[in-house]
>>> print(open('entry_23.csv').read())   # CSV, C-alpha atoms
chain,number,residue,atom,x,y,z
V,1,MET,CA,-50.0,-1.5,-63.2
V,2,ALA,CA,-49.2,-1.6,-59.5
V,3,SER,CA,-45.8,-2.9,-58.6
V,4,LEU,CA,-45.7,-5.8,-56.3
V,5,SER,CA,-43.5,-5.3,-53.2
V,6,HIS,CA,-41.7,-8.3,-51.9
V,7,ALA,CA,-40.9,-8.2,-48.2
V,8,ALA,CA,-37.6,-9.8,-47.1
V,9,PRO,CA,-38.2,-13.0,-45.2
V,10,ALA,CA,-37.8,-12.7,-41.5
V,11,ARG,CA,-34.7,-14.3,-40.1
V,12,PRO,CA,-35.5,-17.3,-38.0
V,13,GLY,CA,-34.5,-16.9,-34.3
V,14,PRO,CA,-32.3,-19.3,-32.5
V,15,PRO,CA,-33.9,-22.7,-32.0
V,16,ARG,CA,-35.8,-23.1,-28.8
V,17,TRP,CA,-33.4,-25.9,-27.7
V,18,ARG,CA,-30.4,-23.5,-28.0
V,19,ARG,CA,-32.2,-20.9,-25.8
V,20,GLY,CA,-32.9,-23.6,-23.3
V,21,GLU,CA,-29.2,-24.6,-23.3
V,22,GLY,CA,-28.2,-21.0,-22.7
V,23,LEU,CA,-30.6,-20.6,-19.8
V,24,ARG,CA,-29.4,-23.9,-18.2
V,25,ALA,CA,-25.8,-22.7,-18.6
V,26,LEU,CA,-26.6,-19.4,-16.9
V,27,LEU,CA,-28.3,-21.4,-14.1
V,28,TRP,CA,-25.3,-23.5,-13.5
V,29,LEU,CA,-23.0,-20.5,-13.7
V,30,SER,CA,-25.2,-18.4,-11.4
V,31,PRO,CA,-23.3,-19.4,-8.1
V,32,TRP,CA,-20.0,-18.5,-9.7
V,33,LEU,CA,-21.4,-15.3,-11.2
V,34,ALA,CA,-22.9,-14.3,-7.9
V,35,GLY,CA,-19.7,-15.0,-6.0
V,36,VAL,CA,-17.6,-13.0,-8.4
V,37,SER,CA,-20.0,-10.1,-8.4
V,38,ILE,CA,-20.3,-10.0,-4.6
V,39,PHE,CA,-16.8,-10.8,-3.6
V,40,PHE,CA,-14.8,-9.3,-6.5
V,41,GLY,CA,-16.8,-7.0,-8.7
V,42,TYR,CA,-18.5,-4.9,-5.9
V,43,PRO,CA,-15.4,-4.6,-3.7
V,44,LEU,CA,-13.4,-3.5,-6.8
V,45,LEU,CA,-15.9,-0.8,-7.7
V,46,ALA,CA,-16.2,0.3,-4.1
V,47,THR,CA,-12.5,0.6,-3.9
V,48,VAL,CA,-12.4,2.8,-7.0
V,49,TYR,CA,-15.2,4.9,-5.6
V,50,PHE,CA,-13.6,5.5,-2.2
V,51,SER,CA,-10.2,6.2,-3.7
V,52,PHE,CA,-11.7,9.6,-4.8
V,53,HIS,CA,-12.8,10.4,-1.3
V,54,ARG,CA,-11.4,11.3,2.1
V,55,TYR,CA,-13.0,8.5,4.2
V,56,ASP,CA,-12.3,7.7,7.9
V,57,LEU,CA,-15.2,5.2,8.4
V,58,PHE,CA,-17.4,8.0,9.7
V,59,THR,CA,-17.2,10.9,7.2
V,60,LEU,CA,-17.0,10.8,3.4
V,61,GLU,CA,-15.7,13.8,1.5
V,62,PHE,CA,-15.0,13.9,-2.2
V,63,VAL,CA,-11.4,15.1,-2.9
V,64,GLY,CA,-11.0,14.1,-6.6
V,65,LEU,CA,-7.5,13.1,-7.4
V,66,ASP,CA,-5.9,14.3,-4.2
V,67,ASN,CA,-5.2,10.7,-3.0
V,68,TYR,CA,-3.6,9.8,-6.2
V,69,ARG,CA,-1.4,13.0,-6.1
V,70,TYR,CA,-0.3,12.1,-2.6
V,71,LEU,CA,0.6,8.6,-3.8
V,72,LEU,CA,3.3,10.2,-6.0
V,73,GLN,CA,4.7,12.2,-3.0
V,74,ASP,CA,4.6,9.6,-0.3
V,75,PRO,CA,8.2,8.5,0.5
V,76,ARG,CA,7.0,5.3,2.2
V,77,VAL,CA,5.3,4.1,-0.9
V,78,VAL,CA,8.6,4.3,-2.8
V,79,LYS,CA,10.4,2.4,0.0
V,80,SER,CA,7.7,-0.2,0.4
V,81,ALA,CA,7.4,-0.7,-3.4
V,82,GLN,CA,11.2,-1.3,-3.6
V,83,ASN,CA,11.1,-3.9,-0.8
V,84,THR,CA,8.1,-5.6,-2.3
V,85,LEU,CA,9.8,-5.8,-5.7
V,86,TRP,CA,12.9,-7.1,-4.1
V,87,LEU,CA,10.9,-10.0,-2.7
V,88,VAL,CA,9.4,-10.6,-6.2
V,89,ALA,CA,12.8,-10.5,-7.9
V,90,PHE,CA,14.8,-12.6,-5.3
V,91,MET,CA,12.6,-14.5,-2.9
V,92,VAL,CA,10.2,-15.9,-5.5
V,93,PRO,CA,12.9,-17.4,-7.8
V,94,ALA,CA,14.8,-18.7,-4.8
V,95,GLN,CA,11.7,-20.4,-3.5
V,96,VAL,CA,10.8,-21.9,-6.8
V,97,LEU,CA,14.3,-23.2,-7.5
V,98,PHE,CA,14.8,-24.5,-4.0
V,99,SER,CA,11.4,-26.3,-4.1
V,100,LEU,CA,12.3,-27.9,-7.4
V,101,ALA,CA,15.7,-29.0,-6.1
V,102,LEU,CA,14.1,-30.6,-3.1
V,103,ALA,CA,11.5,-32.4,-5.2
V,104,GLN,CA,14.2,-33.6,-7.6
V,105,LEU,CA,16.2,-34.8,-4.6
V,106,VAL,CA,13.2,-36.8,-3.3
V,107,THR,CA,12.6,-38.5,-6.6
V,108,MET,CA,16.3,-39.6,-6.7
V,109,LEU,CA,16.2,-41.2,-3.3
V,110,LYS,CA,16.2,-45.0,-3.2
V,111,ALA,CA,15.1,-45.4,0.4
V,112,GLY,CA,13.3,-43.2,3.0
V,113,VAL,CA,11.3,-41.3,0.5
V,114,GLY,CA,8.3,-41.0,2.7
V,115,LEU,CA,10.4,-39.8,5.7
V,116,PHE,CA,12.2,-37.0,3.8
V,117,ARG,CA,8.9,-36.0,2.1
V,118,THR,CA,7.4,-35.6,5.5
V,119,ILE,CA,10.4,-33.7,6.9
V,120,PHE,CA,10.4,-31.2,4.0
V,121,TYR,CA,6.6,-30.7,4.3
V,122,LEU,CA,6.4,-30.3,8.1
V,123,PRO,CA,7.4,-26.6,8.2
V,124,THR,CA,4.3,-25.7,6.2
V,125,LEU,CA,2.2,-26.9,9.1
V,126,VAL,CA,3.7,-24.4,11.5
V,127,PRO,CA,1.6,-21.2,11.8
V,128,ALA,CA,3.2,-18.2,10.1
V,129,VAL,CA,3.3,-16.2,13.3
V,130,ALA,CA,4.9,-18.9,15.3
V,131,GLY,CA,7.4,-19.8,12.6
V,132,THR,CA,8.5,-16.2,12.2
V,133,VAL,CA,8.9,-15.6,15.9
V,134,THR,CA,11.0,-18.8,16.2
V,135,PHE,CA,13.2,-17.7,13.3
V,136,VAL,CA,13.8,-14.3,14.8
V,137,PHE,CA,14.9,-15.8,18.1
V,138,LEU,CA,17.0,-18.5,16.5
V,139,MET,CA,18.8,-15.8,14.5
V,140,ASN,CA,19.2,-13.4,17.4
V,141,PRO,CA,22.9,-12.3,17.2
V,142,ALA,CA,23.4,-12.4,21.0
V,143,THR,CA,21.5,-15.5,22.2
V,144,GLY,CA,20.4,-17.3,19.1
V,145,PRO,CA,22.0,-20.7,18.3
V,146,TRP,CA,22.5,-20.0,14.6
V,147,ASN,CA,25.3,-17.5,15.1
V,148,GLN,CA,26.8,-19.7,17.7
V,149,PHE,CA,26.9,-22.5,15.2
V,150,LEU,CA,28.5,-20.3,12.6
V,151,ALA,CA,31.1,-19.3,15.3
V,152,LEU,CA,32.3,-22.9,15.5
V,153,PHE,CA,33.6,-22.4,11.9
V,154,GLY,CA,35.1,-19.0,12.6
V,155,ILE,CA,32.3,-17.1,11.0
V,156,THR,CA,30.8,-14.1,12.6
V,157,GLY,CA,27.1,-14.1,12.0
V,158,PRO,CA,25.4,-10.8,11.2
V,159,ASP,CA,22.5,-9.2,13.0
V,160,TRP,CA,20.0,-11.0,10.8
V,161,PHE,CA,16.7,-9.2,11.5
V,162,GLY,CA,18.4,-6.0,12.9
V,163,ASP,CA,20.5,-5.1,10.0
V,164,PRO,CA,18.8,-3.6,6.9
V,165,ALA,CA,21.3,-5.4,4.6
V,166,TRP,CA,20.3,-8.8,6.0
V,167,SER,CA,16.6,-8.4,7.0
V,168,LYS,CA,15.2,-9.3,3.6
V,169,PRO,CA,17.6,-12.2,3.0
V,170,SER,CA,16.6,-13.5,6.4
V,171,LEU,CA,12.9,-13.5,5.3
V,172,THR,CA,14.0,-15.3,2.2
V,173,LEU,CA,15.6,-18.1,4.3
V,174,LEU,CA,12.3,-18.2,6.2
V,175,ALA,CA,10.4,-18.6,2.9
V,176,LEU,CA,12.8,-21.4,1.9
V,177,TRP,CA,12.2,-23.2,5.2
V,178,GLY,CA,8.5,-23.2,4.5
V,179,CYS,CA,8.4,-24.2,0.9
V,180,GLY,CA,6.8,-27.6,1.5
V,181,ASN,CA,3.6,-26.9,-0.5
V,182,THR,CA,5.5,-25.9,-3.6
V,183,MET,CA,7.8,-28.9,-3.2
V,184,VAL,CA,4.9,-31.3,-3.1
V,185,ILE,CA,3.5,-29.7,-6.3
V,186,PHE,CA,6.8,-30.1,-8.1
V,187,LEU,CA,7.2,-33.7,-6.8
V,188,ALA,CA,3.8,-34.6,-8.3
V,189,ALA,CA,4.8,-33.1,-11.6
V,190,LEU,CA,8.2,-34.8,-11.6
V,191,LEU,CA,6.7,-38.2,-10.9
V,192,ASP,CA,4.3,-37.7,-13.9
V,193,VAL,CA,7.1,-37.2,-16.4
V,194,PRO,CA,7.0,-40.3,-18.7
V,195,ARG,CA,9.9,-42.6,-18.0
V,196,HIS,CA,10.3,-43.6,-21.6
V,197,LEU,CA,11.4,-40.0,-22.4
V,198,TYR,CA,14.3,-40.3,-20.0
V,199,GLU,CA,15.2,-43.7,-21.5
V,200,ALA,CA,15.2,-42.3,-25.0
V,201,ALA,CA,17.4,-39.4,-24.0
V,202,ALA,CA,19.8,-41.7,-22.2
V,203,ILE,CA,20.1,-43.9,-25.3
V,204,ASP,CA,20.9,-40.8,-27.3
V,205,GLY,CA,23.8,-40.1,-24.9
V,206,ALA,CA,22.2,-37.2,-23.0
V,207,GLY,CA,23.7,-36.6,-19.6
V,208,ALA,CA,21.8,-35.8,-16.4
V,209,TRP,CA,21.8,-32.0,-17.0
V,210,ARG,CA,20.7,-32.5,-20.7
V,211,ARG,CA,17.9,-34.8,-19.6
V,212,PHE,CA,16.8,-32.3,-17.1
V,213,ARG,CA,16.9,-29.4,-19.5
V,214,SER,CA,15.4,-31.2,-22.5
V,215,VAL,CA,12.9,-33.6,-20.9
V,216,THR,CA,12.1,-32.5,-17.4
V,217,LEU,CA,11.7,-28.7,-17.8
V,218,PRO,CA,9.5,-28.8,-20.9
V,219,THR,CA,7.2,-31.4,-19.3
V,220,ILE,CA,6.7,-29.5,-16.0
V,221,SER,CA,6.6,-26.0,-17.6
V,222,PRO,CA,2.9,-25.6,-16.7
V,223,VAL,CA,3.7,-26.3,-13.1
V,224,LEU,CA,6.6,-23.9,-13.2
V,225,MET,CA,4.3,-21.2,-14.6
V,226,PHE,CA,1.7,-21.9,-11.9
V,227,SER,CA,4.4,-21.7,-9.1
V,228,ALA,CA,5.9,-18.5,-10.5
V,229,ILE,CA,2.6,-16.7,-10.8
V,230,THR,CA,1.3,-17.8,-7.4
V,231,GLY,CA,4.7,-16.9,-5.9
V,232,VAL,CA,4.6,-13.4,-7.4
V,233,ILE,CA,1.1,-12.8,-6.1
V,234,TYR,CA,2.1,-14.1,-2.7
V,235,ALA,CA,5.1,-11.8,-2.6
V,236,LEU,CA,3.0,-8.8,-3.6
V,237,GLN,CA,0.7,-9.6,-0.7
V,238,TYR,CA,3.5,-10.3,1.8
V,239,PHE,CA,2.4,-9.1,5.1
V,240,THR,CA,2.4,-11.5,8.2
V,241,GLN,CA,6.0,-12.6,8.3
V,242,ALA,CA,7.4,-9.2,7.6
V,243,MET,CA,5.2,-7.5,10.2
V,244,ILE,CA,5.9,-10.1,12.9
V,245,ALA,CA,9.7,-10.1,12.2
V,246,SER,CA,9.8,-6.3,12.3
V,247,ARG,CA,7.9,-6.2,15.6
V,248,VAL,CA,9.8,-8.9,17.4
V,249,ALA,CA,13.2,-7.7,16.3
V,250,SER,CA,12.4,-4.2,17.4
V,251,GLY,CA,10.9,-5.2,20.7
V,252,ALA,CA,7.8,-3.1,19.9
V,253,THR,CA,4.5,-3.9,21.6
V,254,ASP,CA,0.8,-3.0,21.0
V,255,SER,CA,0.4,-1.2,24.3
V,256,ALA,CA,-1.8,1.8,24.5
V,257,GLY,CA,-0.2,4.9,23.1
V,258,SER,CA,2.4,3.1,21.1
V,259,SER,CA,3.2,4.5,17.7
V,260,PHE,CA,5.0,1.7,16.0
V,261,VAL,CA,5.5,2.2,12.3
V,262,PRO,CA,6.2,-1.1,10.4
V,263,GLY,CA,9.4,-1.7,8.6
V,264,TYR,CA,12.1,-2.1,11.2
V,265,PRO,CA,15.0,-2.0,10.7
V,266,ASP,CA,15.2,1.3,8.8
V,267,GLU,CA,12.0,0.5,6.8
V,268,SER,CA,13.8,-2.5,5.2
V,269,LEU,CA,10.9,-4.8,6.0
V,270,LEU,CA,8.2,-2.4,5.0
V,271,THR,CA,6.0,-3.9,2.3
V,272,LEU,CA,3.1,-2.4,0.4
V,273,PRO,CA,0.5,-4.4,2.2
V,274,GLN,CA,1.9,-3.3,5.5
V,275,TRP,CA,1.8,0.3,4.6
V,276,LEU,CA,-1.8,-0.1,3.2
V,277,PHE,CA,-2.8,-1.7,6.6
V,278,HIS,CA,-1.1,1.1,8.6
V,279,VAL,CA,-2.7,3.8,6.5
V,280,GLY,CA,-6.2,2.3,6.6
V,281,PHE,CA,-6.5,0.8,10.0
V,282,ARG,CA,-4.0,2.8,12.1
V,283,ASP,CA,-4.4,6.3,10.5
V,284,PHE,CA,-8.0,5.6,9.3
V,285,GLY,CA,-7.1,7.0,5.9
V,286,MET,CA,-9.4,4.6,4.0
V,287,GLY,CA,-9.5,6.7,0.8
V,288,TYR,CA,-5.7,6.7,0.4
V,289,ALA,CA,-5.6,3.0,1.5
V,290,CYS,CA,-8.0,2.3,-1.4
V,291,VAL,CA,-5.5,3.9,-3.8
V,292,LEU,CA,-2.7,1.6,-2.4
V,293,ALA,CA,-5.0,-1.4,-2.9
V,294,LEU,CA,-5.6,-0.4,-6.5
V,295,LEU,CA,-1.8,-0.1,-7.0
V,296,LEU,CA,-1.3,-3.6,-5.6
V,297,PHE,CA,-4.1,-4.9,-7.8
V,298,GLY,CA,-2.7,-3.3,-10.9
V,299,THR,CA,0.8,-4.5,-10.2
V,300,SER,CA,-0.4,-8.1,-9.7
V,301,MET,CA,-2.3,-7.9,-13.0
V,302,ILE,CA,0.8,-6.6,-14.8
V,303,PHE,CA,3.1,-9.3,-13.4
V,304,THR,CA,0.6,-12.1,-14.1
V,305,THR,CA,0.1,-10.9,-17.7
V,306,VAL,CA,3.8,-10.6,-18.4
V,307,LEU,CA,4.5,-14.1,-17.0
V,308,LEU,CA,1.7,-15.7,-18.9
V,309,ARG,CA,3.0,-14.1,-22.2
V,310,GLN,CA,6.6,-15.2,-21.5
V,311,PHE,CA,5.6,-18.8,-20.8
V,312,ARG,CA,3.4,-18.8,-23.9
V,313,ARG,CA,6.2,-17.6,-26.0
V,314,ALA,CA,8.6,-20.2,-24.5
V,315,GLU,CA,6.1,-23.0,-25.3
V,316,GLU,CA,5.6,-21.8,-28.8
V,317,GLY,CA,9.4,-21.5,-29.3
V,318,SER,CA,9.9,-25.1,-28.1
>>> encode(input="entry_23.csv", output="structure tokens")
Amino acid sequence: MASLSHAAPARPGPPRWRRGEGLRALLWLSPWLAGVSIFFGYPLLATVYFSFHRYDLFTLEFVGLDNYRYLLQDPRVVKSAQNTLWLVAFMVPAQVLFSLALAQLVTMLKAGVGLFRTIFYLPTLVPAVAGTVTFVFLMNPATGPWNQFLALFGITGPDWFGDPAWSKPSLTLLALWGCGNTMVIFLAALLDVPRHLYEAAAIDGAGAWRRFRSVTLPTISPVLMFSAITGVIYALQYFTQAMIASRVASGATDSAGSSFVPGYPDESLLTLPQWLFHVGFRDFGMGYACVLALLLFGTSMIFTTVLLRQFRRAEEGS
């Protein structure tokens, strides 16, 4: 007697309406996907490709890992990385704390809030080049009014942008002067803190510092995370202010035949983006510049990942 074979029933495919939803979702996402592919995916892959070549915009020669080996031997990479990490470790926290303090001050004012908000925000409207040049001249040890003002109190001002020990702190003062954008973000976050939380904390006998630590900080923690991450990314890409301050303080010009190397004084203002620009667009070592770009990208990803994890742990702990 012949045995009957029973075929397994075919699994039904996804409903037609689900496939239609998927196609519509891809259609709506297509501008974003195209933008990411063209302006992020392709440049990243091209950077990786050129990092294995000696490329001067005219000739392309495969050199394998030579550019990466030279990265480990380049003394200016070490110096520029140290300066960049100094900005991340000192300038970013100072800017975040100072912006938060200004925002807290504005929320405590009873009159003239609009005036002080405008005064604190105005420096952000000054172009970066103009603001940096002005700061360098204001802090000139010979003719600048800042040291003359300090002399009224018997204080001898340093050579702000001419002394390697003071050049990065001077850039930090410049960053604090132009922190209006971050201050406005913190101001909006502080104004959104529910008033009843402060009232409940006051009824429980909490002082000003306890209310700030137990009510304000947990409420604005997402804004703190945003400011810290964007500040770190900005510091890792720090270029214009350091380059202009170095050039103006050293008196260098872009005349024909000049061989100015960024970082004056004594490479204390040399940052990774500056060295990347100098290697790629002054020395035309595009292959090695791509290696530096990948180093910056990887460092940004590491810092962003660490900060996100730390903030997530802090939120879970609270």
>>> atom_distance(input="entry_23.csv", atom1="CA of Leu122 (chain V)", atom2="CA of Ser221 (chain V)")
26.1 Å
>>> residues_around(input="entry_23.csv", residues="region 280-297 of chain V", least_positions_apart="2", cutoff="9 Å", atoms="only C-alpha atoms", output="tab-separated table (two decimals) with C-alpha atoms, in the frame of the given file")
chain	number	residue	atom	x	y	z
V	44	LEU	CA	-13.40	-3.50	-6.80
V	46	ALA	CA	-16.20	0.30	-4.10
V	47	THR	CA	-12.50	0.60	-3.90
V	48	VAL	CA	-12.40	2.80	-7.00
V	49	TYR	CA	-15.20	4.90	-5.60
V	50	PHE	CA	-13.60	5.50	-2.20
V	51	SER	CA	-10.20	6.20	-3.70
V	52	PHE	CA	-11.70	9.60	-4.80
V	53	HIS	CA	-12.80	10.40	-1.30
V	54	ARG	CA	-11.40	11.30	2.10
V	55	TYR	CA	-13.00	8.50	4.20
V	56	ASP	CA	-12.30	7.70	7.90
V	57	LEU	CA	-15.20	5.20	8.40
V	60	LEU	CA	-17.00	10.80	3.40
V	66	ASP	CA	-5.90	14.30	-4.20
V	67	ASN	CA	-5.20	10.70	-3.00
V	68	TYR	CA	-3.60	9.80	-6.20
V	70	TYR	CA	-0.30	12.10	-2.60
V	71	LEU	CA	0.60	8.60	-3.80
V	77	VAL	CA	5.30	4.10	-0.90
V	236	LEU	CA	3.00	-8.80	-3.60
V	237	GLN	CA	0.70	-9.60	-0.70
V	272	LEU	CA	3.10	-2.40	0.40
V	273	PRO	CA	0.50	-4.40	2.20
V	275	TRP	CA	1.80	0.30	4.60
V	276	LEU	CA	-1.80	-0.10	3.20
V	277	PHE	CA	-2.80	-1.70	6.60
V	278	HIS	CA	-1.10	1.10	8.60
V	299	THR	CA	0.80	-4.50	-10.20
V	300	SER	CA	-0.40	-8.10	-9.70
V	301	MET	CA	-2.30	-7.90	-13.00
V	302	ILE	CA	0.80	-6.60	-14.80
>>> residues_around(input="entry_23.csv", residues="Ala201 (chain V)", least_positions_apart="2", cutoff="10 Å", atoms="only C-alpha atoms", output="list in words")
His196, Leu197, Tyr198, Glu199, Ile203, Asp204, Gly205, Ala206, Gly207, Ala208, Arg210, Arg211, Phe212, Ser214 and Val215 of chain V
>>> atom_distance(input="entry_23.csv", atom1="CA of Trp209 (chain V)", atom2="CA of Met108 (chain V)")
13.9 Å
>>> closest_atom_pairs(input="entry_23.csv", of="region 207-261 of chain V", to="region 83-100 of chain V", cutoff="8 Å", atoms="only C-alpha atoms", output="JSON lines")
{"residue": "V:Leu224", "atom": "CA", "partner": "V:Val96", "partner_atom": "CA", "distance": 7.9}
{"residue": "V:Ser227", "atom": "CA", "partner": "V:Val96", "partner_atom": "CA", "distance": 6.8}
{"residue": "V:Ala228", "atom": "CA", "partner": "V:Val96", "partner_atom": "CA", "distance": 7.0}
{"residue": "V:Gly231", "atom": "CA", "partner": "V:Val92", "partner_atom": "CA", "distance": 5.6}
{"residue": "V:Val232", "atom": "CA", "partner": "V:Val88", "partner_atom": "CA", "distance": 5.7}
{"residue": "V:Ala235", "atom": "CA", "partner": "V:Val88", "partner_atom": "CA", "distance": 5.7}
{"residue": "V:Leu236", "atom": "CA", "partner": "V:Thr84", "partner_atom": "CA", "distance": 6.2}
{"residue": "V:Tyr238", "atom": "CA", "partner": "V:Thr84", "partner_atom": "CA", "distance": 7.7}
>>> write_last_selection(input="entry_23.csv", atoms="C-alpha atoms", output="CSV table (one decimal), in the coordinates of the input")
chain,number,residue,atom,x,y,z
V,224,LEU,CA,6.6,-23.9,-13.2
V,227,SER,CA,4.4,-21.7,-9.1
V,228,ALA,CA,5.9,-18.5,-10.5
V,231,GLY,CA,4.7,-16.9,-5.9
V,232,VAL,CA,4.6,-13.4,-7.4
V,235,ALA,CA,5.1,-11.8,-2.6
V,236,LEU,CA,3.0,-8.8,-3.6
V,238,TYR,CA,3.5,-10.3,1.8
>>> atom_distance(input="entry_23.csv", atom1="CA of Gly131 (chain V)", atom2="CA of Gln148 (chain V)")
20.1 Å
>>> residues_around(input="entry_23.csv", residues="region 304-311 of chain V", least_positions_apart="4", cutoff="7 Å", atoms="only C-alpha atoms", output="VMD selection string")
chain V and resid 225 229 300 315
>>> closest_residue(input="entry_23.csv", among="V:Phe135, V:Phe116, V:Phe161, V:Phe40", to="Tyr264 (chain V)", atoms="all atoms listed in the file")
V:Phe161
>>> closest_residue(input="entry_23.csv", among="V:Glu61, V:Val136, V:Glu267, V:Ala142", to="Gln241 (chain V)", atoms="all atoms listed in the file")
V:Val136
